[in-house]
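Text of the file structure.cif, holding mmCIF, C-alpha atoms:
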```cif
data_entry
loop_
_atom_site.label_atom_id
_atom_site.label_comp_id
_atom_site.auth_asym_id
_atom_site.auth_seq_id
_atom_site.Cartn_x
_atom_site.Cartn_y
_atom_site.Cartn_z
CA MET A 16 122.45 -166.96 66.33
CA SER A 17 121.10 -164.46 63.80
CA SER A 18 119.50 -166.75 61.21
CA ARG A 19 118.85 -170.24 59.93
CA LYS A 20 121.66 -169.70 57.40
CA ASP A 21 124.15 -169.09 60.23
CA PHE A 22 122.91 -172.16 62.09
CA LEU A 23 123.41 -174.40 59.05
CA LYS A 24 126.86 -172.89 58.43
CA VAL A 25 127.99 -173.76 61.96
CA LEU A 26 126.81 -177.34 61.43
CA GLY A 27 128.60 -177.53 58.09
CA LEU A 28 125.29 -178.00 56.29
CA SER A 29 125.24 -174.86 54.15
CA ALA A 30 124.74 -176.93 51.01
CA PHE A 31 121.45 -178.17 52.44
CA ALA A 32 120.10 -174.69 53.16
CA PRO A 33 117.61 -174.75 50.25
CA PHE A 34 116.14 -178.02 51.53
CA PHE A 35 115.73 -176.69 55.08
CA ASN A 36 114.24 -173.43 53.82
CA ASN A 37 111.73 -175.27 51.66
CA ALA A 38 110.85 -177.76 54.38
CA VAL A 39 110.11 -175.02 56.88
CA THR A 40 108.47 -172.36 54.74
CA GLY A 41 107.27 -174.19 51.63
CA LEU A 42 109.35 -171.97 49.38
CA PHE A 43 110.92 -172.84 46.06
CA ARG A 44 113.50 -171.34 43.75
CA PRO A 45 113.99 -172.69 40.22
CA GLN A 46 117.50 -173.67 39.17
CA ASN A 47 117.71 -171.00 36.47
CA ILE A 48 115.84 -167.80 35.76
CA VAL A 49 114.14 -167.51 32.39
CA LYS A 50 114.19 -164.11 30.72
CA PRO A 51 111.33 -163.28 28.37
CA LYS A 52 111.86 -161.76 24.94
CA ARG A 53 111.98 -157.97 25.04
CA LEU A 54 109.01 -156.04 23.77
CA SER A 55 109.34 -153.98 20.60
CA LYS A 56 107.17 -151.49 18.77
CA GLY A 57 104.77 -153.40 16.58
CA ASP A 58 104.49 -156.28 19.05
CA THR A 59 101.09 -157.37 20.31
CA VAL A 60 100.29 -157.19 24.00
CA GLY A 61 97.38 -159.03 25.54
CA ILE A 62 95.42 -157.44 28.38
CA VAL A 63 93.76 -159.65 30.98
CA SER A 64 91.97 -159.13 34.29
CA PRO A 65 93.20 -161.94 36.56
CA ALA A 66 91.51 -160.39 39.60
CA ALA A 67 88.87 -157.64 39.55
CA PRO A 68 87.00 -156.41 36.47
CA VAL A 69 87.47 -153.09 34.69
CA TYR A 70 84.39 -150.90 35.00
CA GLY A 71 83.45 -148.49 32.22
CA GLU A 72 84.06 -148.33 28.48
CA GLU A 73 86.12 -145.16 28.81
CA LYS A 74 88.69 -146.99 30.96
CA ILE A 75 88.91 -149.71 28.32
CA GLU A 76 89.49 -147.08 25.63
CA ILE A 77 92.15 -145.25 27.64
CA MET A 78 93.91 -148.53 28.46
CA LYS A 79 93.97 -149.51 24.79
CA GLU A 80 95.16 -146.05 23.68
CA SER A 81 97.95 -146.11 26.29
CA MET A 82 99.29 -149.39 24.89
CA GLN A 83 99.02 -148.08 21.34
CA ALA A 84 100.93 -144.94 22.37
CA LEU A 85 103.75 -147.25 23.46
CA GLY A 86 103.75 -148.67 19.94
CA PHE A 87 101.92 -151.94 20.58
CA ASN A 88 99.05 -153.68 18.92
CA VAL A 89 96.47 -154.59 21.53
CA VAL A 90 94.32 -157.63 22.19
CA ILE A 91 91.95 -157.18 25.12
CA SER A 92 90.47 -160.27 26.70
CA ASP A 93 86.74 -160.62 26.12
CA HIS A 94 86.34 -161.05 29.87
CA VAL A 95 88.02 -157.95 31.37
CA THR A 96 84.59 -156.48 32.13
CA ASP A 97 82.97 -159.73 33.28
CA GLN A 98 81.63 -159.67 36.79
CA TRP A 99 81.28 -162.60 39.16
CA GLY A 100 80.96 -161.00 42.57
CA TYR A 101 84.07 -158.83 42.82
CA PHE A 102 86.00 -160.91 40.24
CA ALA A 103 86.30 -160.63 36.46
CA GLY A 104 84.68 -164.04 36.04
CA GLN A 105 85.00 -167.30 37.92
CA ASP A 106 88.43 -168.52 39.01
CA LYS A 107 88.94 -171.13 36.28
CA LEU A 108 87.85 -168.66 33.61
CA ARG A 109 90.36 -166.04 34.75
CA ALA A 110 93.11 -168.67 34.86
CA GLN A 111 92.07 -169.82 31.40
CA GLU A 112 92.50 -166.28 30.06
CA VAL A 113 96.04 -166.06 31.48
CA ASN A 114 96.88 -169.50 30.04
CA LYS A 115 95.46 -168.45 26.68
CA MET A 116 97.63 -165.32 26.51
CA PHE A 117 100.77 -167.37 27.19
CA SER A 118 99.88 -170.10 24.70
CA ASP A 119 98.86 -167.77 21.86
CA PRO A 120 101.90 -167.28 19.55
CA LYS A 121 100.43 -163.98 18.33
CA ILE A 122 100.73 -162.46 21.82
CA ASP A 123 104.19 -161.09 22.66
CA GLY A 124 103.56 -159.81 26.17
CA ILE A 125 100.87 -159.64 28.83
CA VAL A 126 99.66 -156.58 30.75
CA CYS A 127 97.29 -157.05 33.67
CA ALA A 128 94.43 -154.58 33.44
CA ARG A 129 94.21 -153.95 37.19
CA GLY A 130 94.58 -155.54 40.61
CA GLY A 131 91.86 -155.73 43.25
CA TRP A 132 91.66 -159.22 44.72
CA GLY A 133 91.61 -162.68 43.18
CA CYS A 134 94.94 -163.65 41.63
CA SER A 135 95.75 -166.05 44.46
CA ARG A 136 92.55 -167.98 43.71
CA ILE A 137 93.63 -168.79 40.14
CA LEU A 138 97.13 -170.06 40.95
CA PRO A 139 96.14 -173.77 41.15
CA TYR A 140 94.57 -173.58 37.69
CA LEU A 141 97.52 -172.15 35.74
CA ASP A 142 99.36 -174.40 33.28
CA TYR A 143 102.92 -173.85 34.53
CA GLU A 144 104.46 -176.39 32.17
CA MET A 145 102.95 -174.67 29.15
CA ILE A 146 103.92 -171.25 30.49
CA SER A 147 107.53 -172.39 30.99
CA GLU A 148 107.59 -173.35 27.31
CA ASN A 149 106.19 -169.95 26.24
CA PRO A 150 107.98 -167.33 28.38
CA LYS A 151 106.61 -163.82 27.92
CA VAL A 152 106.70 -160.47 29.66
CA ILE A 153 103.93 -160.17 32.23
CA ILE A 154 103.51 -157.01 34.29
CA GLY A 155 101.26 -155.66 37.04
CA TYR A 156 101.29 -154.73 40.71
CA SER A 157 99.18 -154.84 43.87
CA ASP A 158 97.09 -158.06 43.85
CA VAL A 159 99.01 -159.23 40.76
CA THR A 160 101.90 -159.84 43.20
CA SER A 161 100.77 -163.42 43.86
CA LEU A 162 100.61 -164.17 40.14
CA LEU A 163 104.06 -162.70 39.49
CA LEU A 164 105.67 -164.58 42.38
CA ALA A 165 103.96 -167.88 41.56
CA LEU A 166 105.04 -167.75 37.92
CA HIS A 167 108.61 -167.06 38.96
CA ALA A 168 108.60 -169.78 41.61
CA LYS A 169 107.10 -172.42 39.33
CA THR A 170 108.84 -171.63 36.04
CA GLY A 171 111.82 -169.37 36.74
CA LEU A 172 110.25 -166.67 34.55
CA VAL A 173 111.36 -163.11 35.28
CA THR A 174 108.13 -161.21 35.95
CA PHE A 175 107.61 -157.49 36.38
CA HIS A 176 106.12 -155.45 39.21
CA GLY A 177 105.05 -152.24 37.52
CA PRO A 178 102.16 -150.37 35.89
CA VAL A 179 98.87 -152.04 35.00
CA GLY A 180 96.81 -151.23 31.93
CA THR A 181 94.62 -148.78 33.83
CA SER A 182 97.60 -146.92 35.35
CA GLU A 183 98.15 -143.26 34.52
CA TRP A 184 101.36 -144.00 32.56
CA LYS A 185 103.23 -140.84 33.55
CA ASP A 186 106.55 -140.17 31.78
CA PHE A 187 108.45 -141.38 34.85
CA SER A 188 106.73 -144.79 34.66
CA VAL A 189 106.94 -145.00 30.88
CA ASN A 190 110.69 -144.34 30.86
CA TYR A 191 111.43 -147.22 33.26
CA PHE A 192 109.02 -149.51 31.38
CA LYS A 193 110.75 -148.79 28.08
CA SER A 194 114.30 -148.99 29.45
CA ILE A 195 113.76 -152.36 31.12
CA LEU A 196 111.21 -154.14 28.90
CA MET A 197 111.85 -152.68 25.45
CA GLU A 198 115.49 -151.60 25.44
CA GLY A 199 116.83 -154.35 27.69
CA LYS A 200 118.97 -151.96 29.71
CA THR A 201 120.41 -152.28 33.17
CA VAL A 202 119.06 -149.29 35.04
CA GLU A 203 119.43 -147.25 38.20
CA MET A 204 116.05 -146.69 39.81
CA ILE A 205 116.21 -143.32 41.51
CA ASN A 206 113.37 -141.29 43.03
CA PRO A 207 112.51 -137.97 41.36
CA GLN A 208 115.01 -135.32 42.44
CA LYS A 209 112.85 -132.25 42.15
CA VAL A 210 112.60 -129.09 44.22
CA GLU A 211 110.18 -126.48 42.92
CA ASP A 212 109.19 -123.62 45.21
CA THR A 213 110.39 -125.15 48.48
CA LEU A 214 113.78 -124.92 50.16
CA THR A 215 114.27 -128.69 50.16
CA GLN A 216 112.68 -131.80 48.66
CA ILE A 217 109.38 -132.69 50.32
CA ASP A 218 107.83 -135.36 48.11
CA ASP A 219 109.31 -138.79 47.34
CA ARG A 220 112.04 -138.57 49.92
CA VAL A 221 114.28 -141.51 50.79
CA SER A 222 114.48 -142.65 54.42
CA THR A 223 117.48 -144.82 55.28
CA ILE A 224 116.80 -147.54 57.85
CA ARG A 225 120.34 -148.95 57.82
CA LYS A 226 123.14 -147.69 55.57
CA GLY A 227 125.11 -149.81 53.14
CA LYS A 228 124.96 -151.72 49.87
CA ALA A 229 123.66 -155.22 49.19
CA LYS A 230 123.29 -157.55 46.21
CA GLY A 231 120.75 -160.24 45.46
CA PRO A 232 117.78 -161.18 43.29
CA LEU A 233 114.84 -158.79 43.53
CA MET A 234 111.82 -160.45 45.14
CA GLY A 235 108.62 -158.98 46.54
CA GLY A 236 105.53 -156.95 45.80
CA ASN A 237 102.45 -156.06 47.79
CA LEU A 238 102.92 -156.90 51.48
CA THR A 239 99.32 -157.93 52.17
CA VAL A 240 99.08 -160.19 49.13
CA LEU A 241 102.49 -161.72 49.72
CA THR A 242 101.71 -162.68 53.30
CA THR A 243 98.45 -164.39 52.29
CA ILE A 244 100.38 -167.04 50.34
CA ILE A 245 103.13 -167.69 52.89
CA GLY A 246 103.31 -171.42 53.52
CA SER A 247 102.16 -172.31 49.99
CA ASP A 248 104.40 -173.57 47.20
CA PHE A 249 103.64 -170.47 45.13
CA LEU A 250 106.36 -168.36 46.74
CA PRO A 251 110.01 -168.31 45.62
CA ASP A 252 112.88 -168.84 48.00
CA TRP A 253 114.10 -165.65 49.71
CA ASP A 254 117.68 -166.75 50.40
CA ASN A 255 120.02 -163.75 49.80
CA ALA A 256 117.19 -161.81 48.11
CA ILE A 257 116.55 -158.09 48.02
CA LEU A 258 113.02 -157.88 49.42
CA PHE A 259 110.87 -155.02 48.14
CA LEU A 260 107.40 -154.27 49.50
CA GLU A 261 104.53 -151.80 49.11
CA ASP A 262 100.95 -151.47 50.31
CA VAL A 263 97.83 -149.31 50.42
CA ASN A 264 95.04 -148.55 52.90
CA GLU A 265 96.57 -150.61 55.69
CA GLY A 266 96.69 -149.53 59.31
CA ILE A 267 100.18 -149.37 60.75
CA TYR A 268 99.36 -152.15 63.18
CA ARG A 269 98.52 -154.35 60.20
CA VAL A 270 101.89 -153.61 58.59
CA ASP A 271 103.45 -154.52 61.95
CA ARG A 272 101.44 -157.75 62.02
CA MET A 273 102.42 -158.75 58.49
CA LEU A 274 106.13 -158.03 59.00
CA THR A 275 105.89 -160.10 62.17
CA GLN A 276 104.42 -162.93 60.10
CA MET A 277 107.32 -162.69 57.65
CA LYS A 278 109.76 -162.75 60.53
CA LEU A 279 108.13 -165.79 62.14
CA ALA A 280 108.09 -167.57 58.77
CA GLY A 281 111.87 -167.14 58.57
CA ILE A 282 111.76 -164.90 55.50
CA LEU A 283 113.31 -161.76 56.98
CA ASP A 284 116.27 -163.73 58.32
CA GLN A 285 117.18 -164.89 54.80
CA ILE A 286 117.32 -161.61 52.88
CA ASN A 287 120.38 -159.51 52.02
CA GLY A 288 118.59 -156.17 51.69
CA PHE A 289 115.23 -154.47 52.14
CA VAL A 290 113.38 -151.77 50.20
CA PHE A 291 109.98 -150.44 51.16
CA GLY A 292 108.13 -148.40 48.57
CA LYS A 293 105.04 -146.40 49.41
CA CYS A 294 102.38 -147.30 51.94
CA THR A 295 99.64 -145.11 50.49
CA GLU A 296 96.96 -144.04 52.99
CA CYS A 297 98.50 -146.17 55.73
CA ASN A 298 97.41 -144.27 58.81
CA PRO A 299 97.43 -145.07 62.53
CA GLY A 300 93.62 -145.16 62.61
CA SER A 301 91.49 -144.78 65.69
CA GLY A 302 92.56 -146.03 69.08
CA TYR A 303 94.61 -145.08 72.10
CA GLY A 304 97.95 -144.86 70.36
CA SER A 305 100.13 -146.09 67.53
CA PHE A 306 103.68 -146.54 66.37
CA THR A 307 104.78 -144.68 63.27
CA LEU A 308 105.68 -146.66 60.17
CA ASP A 309 109.33 -145.72 60.72
CA GLN A 310 109.18 -147.17 64.22
CA VAL A 311 107.75 -150.42 62.87
CA PHE A 312 110.69 -150.63 60.46
CA ASP A 313 113.04 -149.97 63.38
CA HIS A 314 111.48 -152.91 65.24
CA HIS A 315 111.55 -155.44 62.40
CA ILE A 316 114.14 -154.37 59.82
CA GLU A 317 116.89 -152.43 61.59
CA PRO A 318 117.88 -155.41 63.82
CA LEU A 319 118.52 -157.54 60.72
CA ASN A 320 121.76 -155.60 60.18
CA ILE A 321 121.23 -155.40 56.44
CA PRO A 322 121.09 -152.37 54.13
CA ALA A 323 117.52 -151.09 54.14
CA TRP A 324 115.55 -148.03 53.12
CA SER A 325 112.01 -146.83 52.48
CA GLY A 326 110.32 -144.37 50.15
CA ALA A 327 111.00 -146.05 46.78
CA MET A 328 108.72 -145.33 43.84
CA ILE A 329 106.98 -148.68 44.18
CA GLY A 330 103.30 -148.96 45.00
CA HIS A 331 99.89 -147.40 44.49
CA ILE A 332 101.28 -144.18 43.05
CA SER A 333 101.16 -142.47 39.66
CA LYS A 334 104.94 -142.56 39.11
CA LYS A 335 106.44 -145.99 39.60
CA PHE A 336 109.44 -148.14 38.83
CA THR A 337 109.23 -151.33 36.79
CA VAL A 338 110.89 -153.87 39.10
CA PRO A 339 111.99 -157.20 37.56
CA ILE A 340 111.40 -160.14 39.92
CA GLY A 341 114.28 -162.61 39.96
CA VAL A 342 116.91 -160.36 38.40
CA GLU A 343 120.19 -159.72 40.22
CA ALA A 344 120.42 -156.18 41.59
CA GLN A 345 122.31 -153.99 44.01
CA ILE A 346 120.77 -151.49 46.39
CA ASP A 347 122.40 -148.47 47.98
CA ALA A 348 120.39 -147.83 51.12
CA THR A 349 122.22 -144.62 51.88
CA LYS A 350 121.30 -142.98 48.57
CA GLY A 351 118.07 -144.90 47.97
CA ILE A 352 119.01 -146.53 44.66
CA ILE A 353 118.11 -149.87 43.10
CA LYS A 354 120.51 -150.88 40.31
CA THR A 355 119.84 -153.90 38.14
CA LEU A 356 123.05 -155.81 37.39
CA GLU A 357 121.80 -157.66 34.33
CA PRO A 358 119.18 -157.14 31.64
CA ALA A 359 115.74 -158.48 32.58
CA VAL A 360 114.84 -159.47 29.00
CA ARG A 361 116.67 -161.11 26.14
#
```
Mind converting the file's structure to structure tokens?
Amino acid sequence: MSSRKDFLKVLGLSAFAPFFNNAVTGLFRPQNIVKPKRLSKGDTVGIVSPAAPVYGEEKIEIMKESMQALGFNVVISDHVTDQWGYFAGQDKLRAQEVNKMFSDPKIDGIVCARGGWGCSRILPYLDYEMISENPKVIIGYSDVTSLLLALHAKTGLVTFHGPVGTSEWKDFSVNYFKSILMEGKTVEMINPQKVEDTLTQIDDRVSTIRKGKAKGPLMGGNLTVLTTIIGSDFLPDWDNAILFLEDVNEGIYRVDRMLTQMKLAGILDQINGFVFGKCTECNPGSGYGSFTLDQVFDHHIEPLNIPAWSGAMIGHISKKFTVPIGVEAQIDATKGIIKTLEPAVR
């Protein structure tokens, strides 16, 4: 039998699937998604460092100027440059800064300054009830994954996997940011289709794992960070989801190990579709031998018999999509397209 869903269907217990999923994996999905208000020129965005600090005044200046170039007023947390070990302040302080940005009526949206490591440590200290009463855009990627998923799981808030304040903000990234967060559009996320002085496209190619189309809510983020909170109640339910993943500086055997963990946790058996972005600097490493990343996908993803592809503009790259977590979407694994089926903001 291919999955827990099929098992429950045979027993006539499909209605109880959410209970069984939660009991086994500790996952949760709110009854309704909550869409934040769209951002507009003249709005004020708050910048926080929920994980690692930002080093250097020039980076602070560039981050502020980037937000102003988008048309926003900017409030930067007093603690983005704090240093407590490798964190931007102690756990409760970083959580307090996130809570403050949500509770402040003068702040219209929240941009995480950078990733690093540390968001998972602040999850127990966030005021989810207050946040649910003050829904706002919050965006980031990499380590921010745990924060985005926890907020969605606990409050239903649509969160956004996309550029951080210290990103390069290339036109490609800016256009998706504006279309989704400021214009409230449904969009097709398509890799750059550019051939310069070569006979065929070399960069940003799409690799189909299994052809087809699938629909479901977008869920995911950084693979390493996501797997570290499996078994907690800070992850949303994956039933019928489109799972998207990315990573950086991970050996291929580690990607194999983490996908195995997701399989053993029952997550991979619940999803409708799969998209892998970029695994930047993910090399075989030293040793006698290694699988390729494509072979690892063949081992774990291809047998799921769901539409799946890799190579999306998601990850530690200069040009990236803004991916709304919790929003209904359709993927075309043959063409390598993610299409949102509803606006992510109101």
Would you mind telling me which residue in A:Met197, A:Val179, A:Leu279, A:Met145 lies nearest to Ile332 in chain A when using only C-alpha atoms?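 Using only C-alpha atoms, Ile332 in chain A sits closest to A:Val179.
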Is it possible to get the residues within 12 Å of (123.9, -155.2, 60.1) (coordinates as in the file, counting only C-alpha atoms) written as a list in words?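 Here the neighbourhood of the point contains Ser17, Ile224, Arg225, Lys226, Gly227, Lys228, Ala229, Asp284, Ile286, Asn287, Gly288, Phe289, Ile316, Glu317, Pro318, Leu319, Asn320, Ile321, Pro322 and Ala323 of chain A.
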For the provided coordinates, the residues matched by the PyMOL selection byres ((chain A and resi 90-100) around 9) should be stated as a list in words.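 Matching residues under the PyMOL selection byres ((chain A and resi 90-100) around 9) are Thr59, Val60, Gly61, Ile62, Val63, Ser64, Pro65, Ala67, Pro68, Val69, Tyr70, Gly71, Glu72, Ile75, Lys79, Asn88, Val89, Tyr101, Phe102, Ala103, Gly104, Gln105, Leu108, Arg109, Glu112, Met116, Ile122 and Ala128 of chain A.
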Write a file of the just-selected residues containing C-alpha atoms, as an mmCIF file, keeping the file's coordinate frame.
```cif
data_model
loop_
_atom_site.group_PDB
_atom_site.id
_atom_site.type_symbol
_atom_site.label_atom_id
_atom_site.label_comp_id
_atom_site.auth_asym_id
_atom_site.auth_seq_id
_atom_site.Cartn_x
_atom_site.Cartn_y
_atom_site.Cartn_z
ATOM 1 C CA THR A 59 101.090 -157.370 20.310
ATOM 2 C CA VAL A 60 100.290 -157.190 24.000
ATOM 3 C CA GLY A 61 97.380 -159.030 25.540
ATOM 4 C CA ILE A 62 95.420 -157.440 28.380
ATOM 5 C CA VAL A 63 93.760 -159.650 30.980
ATOM 6 C CA SER A 64 91.970 -159.130 34.290
ATOM 7 C CA PRO A 65 93.200 -161.940 36.560
ATOM 8 C CA ALA A 67 88.870 -157.640 39.550
ATOM 9 C CA PRO A 68 87.000 -156.410 36.470
ATOM 10 C CA VAL A 69 87.470 -153.090 34.690
ATOM 11 C CA TYR A 70 84.390 -150.900 35.000
ATOM 12 C CA GLY A 71 83.450 -148.490 32.220
ATOM 13 C CA GLU A 72 84.060 -148.330 28.480
ATOM 14 C CA ILE A 75 88.910 -149.710 28.320
ATOM 15 C CA LYS A 79 93.970 -149.510 24.790
ATOM 16 C CA ASN A 88 99.050 -153.680 18.920
ATOM 17 C CA VAL A 89 96.470 -154.590 21.530
ATOM 18 C CA TYR A 101 84.070 -158.830 42.820
ATOM 19 C CA PHE A 102 86.000 -160.910 40.240
ATOM 20 C CA ALA A 103 86.300 -160.630 36.460
ATOM 21 C CA GLY A 104 84.680 -164.040 36.040
ATOM 22 C CA GLN A 105 85.000 -167.300 37.920
ATOM 23 C CA LEU A 108 87.850 -168.660 33.610
ATOM 24 C CA ARG A 109 90.360 -166.040 34.750
ATOM 25 C CA GLU A 112 92.500 -166.280 30.060
ATOM 26 C CA MET A 116 97.630 -165.320 26.510
ATOM 27 C CA ILE A 122 100.730 -162.460 21.820
ATOM 28 C CA ALA A 128 94.430 -154.580 33.440
#
```
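Atom pair CA of Pro139 in chain A / CA of Met277 in chain A has a distance of 22.8 Å (rounded to one decimal).
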Env of Thr275 in chain A: 12 Å cut, atoms = only C-alpha atoms, seq-sep filter 4 positions within chain, self excluded. Answer as a PyMOL selection string. chain A and resi 238+242+268-271+279-284+311-312+314-316
Out of A:Phe192, A:Phe187, A:Tyr140, A:Tyr156, which residue has the shortest atom-to-atom distance to Asn206 in chain A when counting all atoms listed in the file?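 Using all atoms listed in the file, the shortest distance to Asn206 in chain A belongs to A:Phe187.
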Around the point (95.8, -172.8, 33.5) (coordinates from the file), which residues reach within 10 Å if we count only C-alpha atoms? Answer as a PyMOL selection string. chain A and resi 107-115+117+137-146
Using only C-alpha atoms, which of the listed residues (A:Gly330, A:Pro251, A:Gly199, A:Gly130) sits closest to Thr170 in chain A?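 Result for the nearest residue to Thr170 in chain A: A:Pro251.
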What is the distance, in Å and to one decimal place, between CA of Ala327 in chain A and CA of Asp218 in chain A?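 Taking CA of Ala327 in chain A as the start and CA of Asp218 in chain A as the end point, the length is 11.2 Å.
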Pairwise distance for CA of Phe291 in chain A and CA of Glu357 in chain A, rounded to one decimal in Å: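 Interatomic distance, CA of Phe291 in chain A to CA of Glu357 in chain A: 21.8 Å.
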Would you pick out the contacts of range 232-235 of chain A at 9 Å or less, using only C-alpha atoms, so that residues sharing its chain but fewer than 2 positions from it are not included, and give the list as a PyMOL selection string? chain A and resi 160+164+176+230+237-238+241+251-253+255-261+338-345+355
Quick one: everything within 7 Å of Lys50 in chain A, counting only C-alpha atoms, minus sequence neighbours fewer than 4 positions away in the same chain. Send it as number ranges by chain. A: 172-173, 359-361
Env of Glu265 in chain A: 9 Å cut, atoms = all atoms listed in the file, seq-sep filter 6 positions within chain, self excluded. Answer as number ranges by chain. A: 239, 294-299
Nearest-residue call for Ile195 in chain A, choices A:Val152, A:Ala66, A:Ile329, A:Ile352, using all atoms listed in the file: A:Val152
Quick one: of A:Lys293, A:Asn264, A:Ser222, A:Glu203, who's nearest to Ile346 in chain A, counting only C-alpha atoms? A:Glu203
With distances taken over all atoms listed in the file, which residue among A:Gly180, A:Val49, A:Cys127, A:Asp254 lies nearest Pro150 in chain A?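 Of all the options, A:Val49 lies closest to Pro150 in chain A.
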Set the distance at 9 Å and use all atoms listed in the file: which residues neighbour Tyr191 in chain A once local chain neighbours fewer than 6 positions away are removed? I'd like the list as a PyMOL selection string. chain A and resi 202+204+335-338
Result set, the PyMOL selection byres ((chain A and resi 250) around 10) on current file, as a list of chain:residue names: A:Thr40, A:Gly41, A:Leu42, A:Phe43, A:Arg44, A:Ser161, A:Leu162, A:Leu163, A:Leu164, A:Ala165, A:Leu166, A:His167, A:Ala168, A:Lys169, A:Met234, A:Gly235, A:Leu241, A:Thr242, A:Ile244, A:Ile245, A:Gly246, A:Ser247, A:Asp248, A:Phe249, A:Pro251, A:Asp252, A:Trp253
Please write the residues from the selection above to a file, keeping C-alpha atoms, as a tab-separated table (two decimals), keeping the file's coordinate frame.
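Dumped everything to out13.tsv:
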```tsv
chain	number	residue	atom	x	y	z
A	40	THR	CA	108.47	-172.36	54.74
A	41	GLY	CA	107.27	-174.19	51.63
A	42	LEU	CA	109.35	-171.97	49.38
A	43	PHE	CA	110.92	-172.84	46.06
A	44	ARG	CA	113.50	-171.34	43.75
A	161	SER	CA	100.77	-163.42	43.86
A	162	LEU	CA	100.61	-164.17	40.14
A	163	LEU	CA	104.06	-162.70	39.49
A	164	LEU	CA	105.67	-164.58	42.38
A	165	ALA	CA	103.96	-167.88	41.56
A	166	LEU	CA	105.04	-167.75	37.92
A	167	HIS	CA	108.61	-167.06	38.96
A	168	ALA	CA	108.60	-169.78	41.61
A	169	LYS	CA	107.10	-172.42	39.33
A	234	MET	CA	111.82	-160.45	45.14
A	235	GLY	CA	108.62	-158.98	46.54
A	241	LEU	CA	102.49	-161.72	49.72
A	242	THR	CA	101.71	-162.68	53.30
A	244	ILE	CA	100.38	-167.04	50.34
A	245	ILE	CA	103.13	-167.69	52.89
A	246	GLY	CA	103.31	-171.42	53.52
A	247	SER	CA	102.16	-172.31	49.99
A	248	ASP	CA	104.40	-173.57	47.20
A	249	PHE	CA	103.64	-170.47	45.13
A	251	PRO	CA	110.01	-168.31	45.62
A	252	ASP	CA	112.88	-168.84	48.00
A	253	TRP	CA	114.10	-165.65	49.71
```
